[in-house]
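Read through the structure below, which is laid out as structure tokens, and then see the notes.
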Amino acid sequence: MVAETGLKQTLALVLFSAPYGNQYADHMCRVAERALGKGYSVEIFLYGDAIHSHLIEQKPKNFFNIGEALTRLGDKGATIYSCLICAIARGYMREFDEAKKVYNSPITLPFVKFVTVQGFVSMIKRADRLMMFGSS
Amino acid sequence: MTRIILLLMRLPASEEEAERILSVTFRALERGSEAVIYLLGEGVLWSKGLMPRKHLGKVLESGGKVRASKKDLLARAIRLDLMESRIEVVGDLEGELVDDAMMPSTQVISW
């Protein structure tokens with residue numbers, strides 16, 4: 001969907017809750033999928049315990065697989081950000097690349113971009129609409 | 001006209017909490033805005049429980065709209081034929097939510 005400015009409209013989604021304990025991550029992924037299908041640009045920010053959503057090799061037996069859902073969304077063009085500080089606190093960041101001055105996480109889905117709260121603010125500024133899912 | 005979308009994904013723990021959550025819709029309606037409540041996931045239980053159902057009834061009587069996810073209602077064995085008739089049961093609630101949320105002058109509040 002294109003705004004009067006000629007630019008694609010952007011829907012920003014923020015997830016606060018970890019996957020599987022409740023359905024917030026499921027809802028967020030489904031809303032994102034519909035938005036992409038309707039031609040909107042989608043940006044997602046994972047905050048707090050929601051960062052467990054981008055752990056690789058998730059294998060829920062009977063639940064909607066959030067890792068696979070995020071991968072599908074990434075493949076379809078969604079930009080997925082994760083809170084860097086939340087990831088460091090939860091042990092996701094195991095290597096620091098001195099040359100690039102960035103942290104690398106070997107256990108995170110590869111397309112996820114780690115940003116600080118400034119990145120979160122930038123995402124909100126770019127967005128035409130914001131939806132929040134879950135509680136921290 | 002400003003539009004408020006209230007996306008409910010869980011049940012209120014108390015009468016006070018229900019009143020607090022819905023107060024935004026009443027304020028919007030009083031100011032001449034449009035208010036639409038979307039019930040998704042556990043949120044569809046607002047249409048079943050006695051206490052939350054009473055509060056939703058007030059929203060409907062005040063001119064607000066309520067839409068509920070059909071798949072989430074069926075998943076929780078809520079009989080569609082016993083639903084309050086003014087609640088719109090929607091097959092693809094997430095898709096409708098996106099269409100609605102991206103309309104001009106719309107704000108989405110989720111809980």
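A note on labels: chains of the structure tokens are A, B, ... as shown, every chain counts residues from 1, and ligands are counted from 1 in their shown order.
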When you get a sec, could you note down which chain A residues fall within 12 Å of chain B, using only C-alpha atoms, as a ChimeraX atom specification?
/A:1-4,8-16,22-42,127-136
Please return, as a ChimeraX atom specification, all residues of region 7-122 of chain A that DSSP assigns to strand (DSSP E) on the basis of the backbone.
/A:10-15,41-46,79-83,95-97,102-104,113-115
Limited to N, CA and C atoms, could you put the picked residues into a file as a PDB file, in the first residue's frame?
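Contents of the output file again.pdb:
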ATOM      1  N   THR A  10       4.375   1.991   6.186  1.00  0.00           N
ATOM      2  CA  THR A  10       5.088   1.058   7.072  1.00  0.00           C
ATOM      3  C   THR A  10       4.304   0.779   8.345  1.00  0.00           C
ATOM      4  N   LEU A  11       4.191  -0.498   8.642  1.00  0.00           N
ATOM      5  CA  LEU A  11       3.588  -0.928   9.899  1.00  0.00           C
ATOM      6  C   LEU A  11       4.715  -1.411  10.814  1.00  0.00           C
ATOM      7  N   ALA A  12       4.811  -0.806  11.979  1.00  0.00           N
ATOM      8  CA  ALA A  12       5.826  -1.221  12.959  1.00  0.00           C
ATOM      9  C   ALA A  12       5.152  -2.063  14.040  1.00  0.00           C
ATOM     10  N   LEU A  13       5.762  -3.184  14.351  1.00  0.00           N
ATOM     11  CA  LEU A  13       5.213  -4.098  15.352  1.00  0.00           C
ATOM     12  C   LEU A  13       6.251  -4.294  16.453  1.00  0.00           C
ATOM     13  N   VAL A  14       5.825  -4.209  17.690  1.00  0.00           N
ATOM     14  CA  VAL A  14       6.748  -4.419  18.806  1.00  0.00           C
ATOM     15  C   VAL A  14       6.244  -5.597  19.626  1.00  0.00           C
ATOM     16  N   LEU A  15       7.141  -6.536  19.869  1.00  0.00           N
ATOM     17  CA  LEU A  15       6.784  -7.714  20.674  1.00  0.00           C
ATOM     18  C   LEU A  15       7.562  -7.670  21.986  1.00  0.00           C
ATOM     19  N   SER A  41       5.042  -2.240   4.099  1.00  0.00           N
ATOM     20  CA  SER A  41       6.379  -2.516   4.585  1.00  0.00           C
ATOM     21  C   SER A  41       6.234  -2.829   6.084  1.00  0.00           C
ATOM     22  N   VAL A  42       6.943  -3.833   6.566  1.00  0.00           N
ATOM     23  CA  VAL A  42       6.802  -4.234   7.973  1.00  0.00           C
ATOM     24  C   VAL A  42       8.154  -4.196   8.681  1.00  0.00           C
ATOM     25  N   GLU A  43       8.160  -3.560   9.834  1.00  0.00           N
ATOM     26  CA  GLU A  43       9.357  -3.566  10.680  1.00  0.00           C
ATOM     27  C   GLU A  43       8.959  -4.094  12.054  1.00  0.00           C
ATOM     28  N   ILE A  44       9.772  -4.978  12.581  1.00  0.00           N
ATOM     29  CA  ILE A  44       9.459  -5.642  13.854  1.00  0.00           C
ATOM     30  C   ILE A  44      10.585  -5.361  14.851  1.00  0.00           C
ATOM     31  N   PHE A  45      10.190  -5.074  16.075  1.00  0.00           N
ATOM     32  CA  PHE A  45      11.199  -4.890  17.127  1.00  0.00           C
ATOM     33  C   PHE A  45      10.916  -5.890  18.244  1.00  0.00           C
ATOM     34  N   LEU A  46      11.931  -6.678  18.588  1.00  0.00           N
ATOM     35  CA  LEU A  46      11.803  -7.662  19.672  1.00  0.00           C
ATOM     36  C   LEU A  46      12.483  -7.081  20.910  1.00  0.00           C
ATOM     37  N   THR A  79      11.701  -6.308   8.093  1.00  0.00           N
ATOM     38  CA  THR A  79      12.962  -6.011   8.771  1.00  0.00           C
ATOM     39  C   THR A  79      12.759  -6.335  10.242  1.00  0.00           C
ATOM     40  N   ILE A  80      13.648  -7.141  10.785  1.00  0.00           N
ATOM     41  CA  ILE A  80      13.474  -7.579  12.172  1.00  0.00           C
ATOM     42  C   ILE A  80      14.649  -7.086  13.018  1.00  0.00           C
ATOM     43  N   TYR A  81      14.308  -6.279  14.004  1.00  0.00           N
ATOM     44  CA  TYR A  81      15.301  -5.736  14.917  1.00  0.00           C
ATOM     45  C   TYR A  81      15.167  -6.418  16.273  1.00  0.00           C
ATOM     46  N   SER A  82      16.291  -6.469  16.978  1.00  0.00           N
ATOM     47  CA  SER A  82      16.279  -7.014  18.328  1.00  0.00           C
ATOM     48  C   SER A  82      17.021  -6.049  19.234  1.00  0.00           C
ATOM     49  N   CYS A  83      16.573  -5.982  20.455  1.00  0.00           N
ATOM     50  CA  CYS A  83      17.207  -5.094  21.430  1.00  0.00           C
ATOM     51  C   CYS A  83      18.578  -5.661  21.834  1.00  0.00           C
ATOM     52  N   GLU A  95      30.250 -13.085  20.943  1.00  0.00           N
ATOM     53  CA  GLU A  95      31.477 -12.617  20.290  1.00  0.00           C
ATOM     54  C   GLU A  95      31.351 -11.126  20.023  1.00  0.00           C
ATOM     55  N   PHE A  96      32.444 -10.417  20.212  1.00  0.00           N
ATOM     56  CA  PHE A  96      32.459  -8.998  19.853  1.00  0.00           C
ATOM     57  C   PHE A  96      33.484  -8.814  18.746  1.00  0.00           C
ATOM     58  N   ASP A  97      33.013  -8.334  17.596  1.00  0.00           N
ATOM     59  CA  ASP A  97      33.890  -8.097  16.450  1.00  0.00           C
ATOM     60  C   ASP A  97      34.568  -6.742  16.648  1.00  0.00           C
ATOM     61  N   VAL A 102      30.878  -4.559  16.474  1.00  0.00           N
ATOM     62  CA  VAL A 102      29.517  -5.090  16.634  1.00  0.00           C
ATOM     63  C   VAL A 102      29.578  -6.444  17.339  1.00  0.00           C
ATOM     64  N   TYR A 103      28.494  -6.785  17.994  1.00  0.00           N
ATOM     65  CA  TYR A 103      28.375  -8.096  18.619  1.00  0.00           C
ATOM     66  C   TYR A 103      27.834  -9.082  17.589  1.00  0.00           C
ATOM     67  N   ASN A 104      28.253 -10.314  17.673  1.00  0.00           N
ATOM     68  CA  ASN A 104      27.716 -11.367  16.816  1.00  0.00           C
ATOM     69  C   ASN A 104      27.103 -12.443  17.699  1.00  0.00           C
ATOM     70  N   LYS A 113      18.660  -7.858  13.090  1.00  0.00           N
ATOM     71  CA  LYS A 113      19.592  -6.747  13.290  1.00  0.00           C
ATOM     72  C   LYS A 113      19.517  -6.282  14.740  1.00  0.00           C
ATOM     73  N   PHE A 114      20.653  -6.241  15.403  1.00  0.00           N
ATOM     74  CA  PHE A 114      20.669  -5.799  16.803  1.00  0.00           C
ATOM     75  C   PHE A 114      20.862  -4.283  16.861  1.00  0.00           C
ATOM     76  N   VAL A 115      19.982  -3.650  17.580  1.00  0.00           N
ATOM     77  CA  VAL A 115      20.053  -2.192  17.698  1.00  0.00           C
ATOM     78  C   VAL A 115      19.806  -1.783  19.156  1.00  0.00           C
TER      79      VAL A 115
END
If we count only C-alpha atoms, what is near Lys58 (chain B) at a cut-off of 12 Å, once residues fewer than 6 positions away on the same chain are taken out, given as a list in words?
Ala18, Glu19, Leu22, Ser23, Thr25, Phe26, Leu29, Met51, Pro52, Gly64, Lys65, Val66 and Arg86 of chain B
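For the choices B:Met1, B:Glu34, B:Leu45, B:Arg27, the atom-to-atom distance to Ala77 (chain B) is smallest for B:Leu45 when using only C-alpha atoms.
In this model, the gap between CA of Lys100 (chain A) and CA of Val117 (chain A) comes to 19.6 Å.
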Name the residues of region 2-133 of chain A that come out as helix (DSSP H, G or I) in a backbone DSSP run; write them as a PyMOL selection string.
chain A and resi 24-37+48-54+66-75+84-89+117-126
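The neighbours of His52 (chain A) here are the residues that come within 9 Å of it, using only C-alpha atoms and leaving out any residue fewer than 5 positions away in the same chain; they are Ser17, Ala18, Pro19, Leu46, Ala87, Arg90 and Thr108 of chain A.
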Mind checking which residues fall within 10 Å of Gly91 (chain A), counting only C-alpha atoms, ignoring those fewer than 4 positions away in the same chain, and posting them as an MDAnalysis selection string?
chainID A and resid 86:87 105 107
Write to file, as a short mmCIF file (atom, residue, chain, number, x, y, z; two decimals), in the first residue's frame, the residues of the selection just made, with all heavy atoms.
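result31.cif was written with the following content:
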data_model
loop_
_atom_site.label_atom_id
_atom_site.label_comp_id
_atom_site.auth_asym_id
_atom_site.auth_seq_id
_atom_site.Cartn_x
_atom_site.Cartn_y
_atom_site.Cartn_z
N CYS A 86 19.05 -6.24 25.60
CA CYS A 86 18.27 -7.40 26.05
C CYS A 86 18.99 -8.69 25.67
O CYS A 86 18.99 -9.67 26.42
CB CYS A 86 16.87 -7.40 25.41
SG CYS A 86 15.97 -5.87 25.59
N ALA A 87 19.61 -8.68 24.48
CA ALA A 87 20.30 -9.88 23.98
C ALA A 87 21.57 -10.15 24.77
O ALA A 87 21.89 -11.30 25.09
CB ALA A 87 20.60 -9.72 22.50
N SER A 105 26.00 -12.98 17.24
CA SER A 105 25.37 -14.05 17.99
C SER A 105 25.25 -15.30 17.12
O SER A 105 24.54 -15.29 16.12
CB SER A 105 23.97 -13.63 18.46
OG SER A 105 23.34 -14.74 19.04
N ILE A 107 23.77 -17.94 17.81
CA ILE A 107 22.53 -18.69 18.09
C ILE A 107 21.27 -17.91 17.72
O ILE A 107 20.18 -18.19 18.18
CB ILE A 107 22.47 -19.14 19.58
CG1 ILE A 107 22.61 -17.92 20.50
CG2 ILE A 107 23.52 -20.19 19.87
CD1 ILE A 107 22.27 -18.22 21.96
#
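Each of B:Leu6, B:Ile87, B:Leu80, B:Ala28 was checked against Asp100 (chain B) using only C-alpha atoms; the smallest atom-to-atom distance is that of B:Leu6.
The interatomic distance for the pair CA of Ala13 (chain B) and CA of Gly32 (chain B) works out to 29.2 Å.
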One residue among A:Thr116, A:Asp75, A:Lys125, A:Tyr20 is nearest to Asn62 (chain A) when using only C-alpha atoms, and that residue is A:Tyr20
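When CA of Asp72 (chain B) is paired with CA of Glu84 (chain B), their separation reads 15.9 Å.
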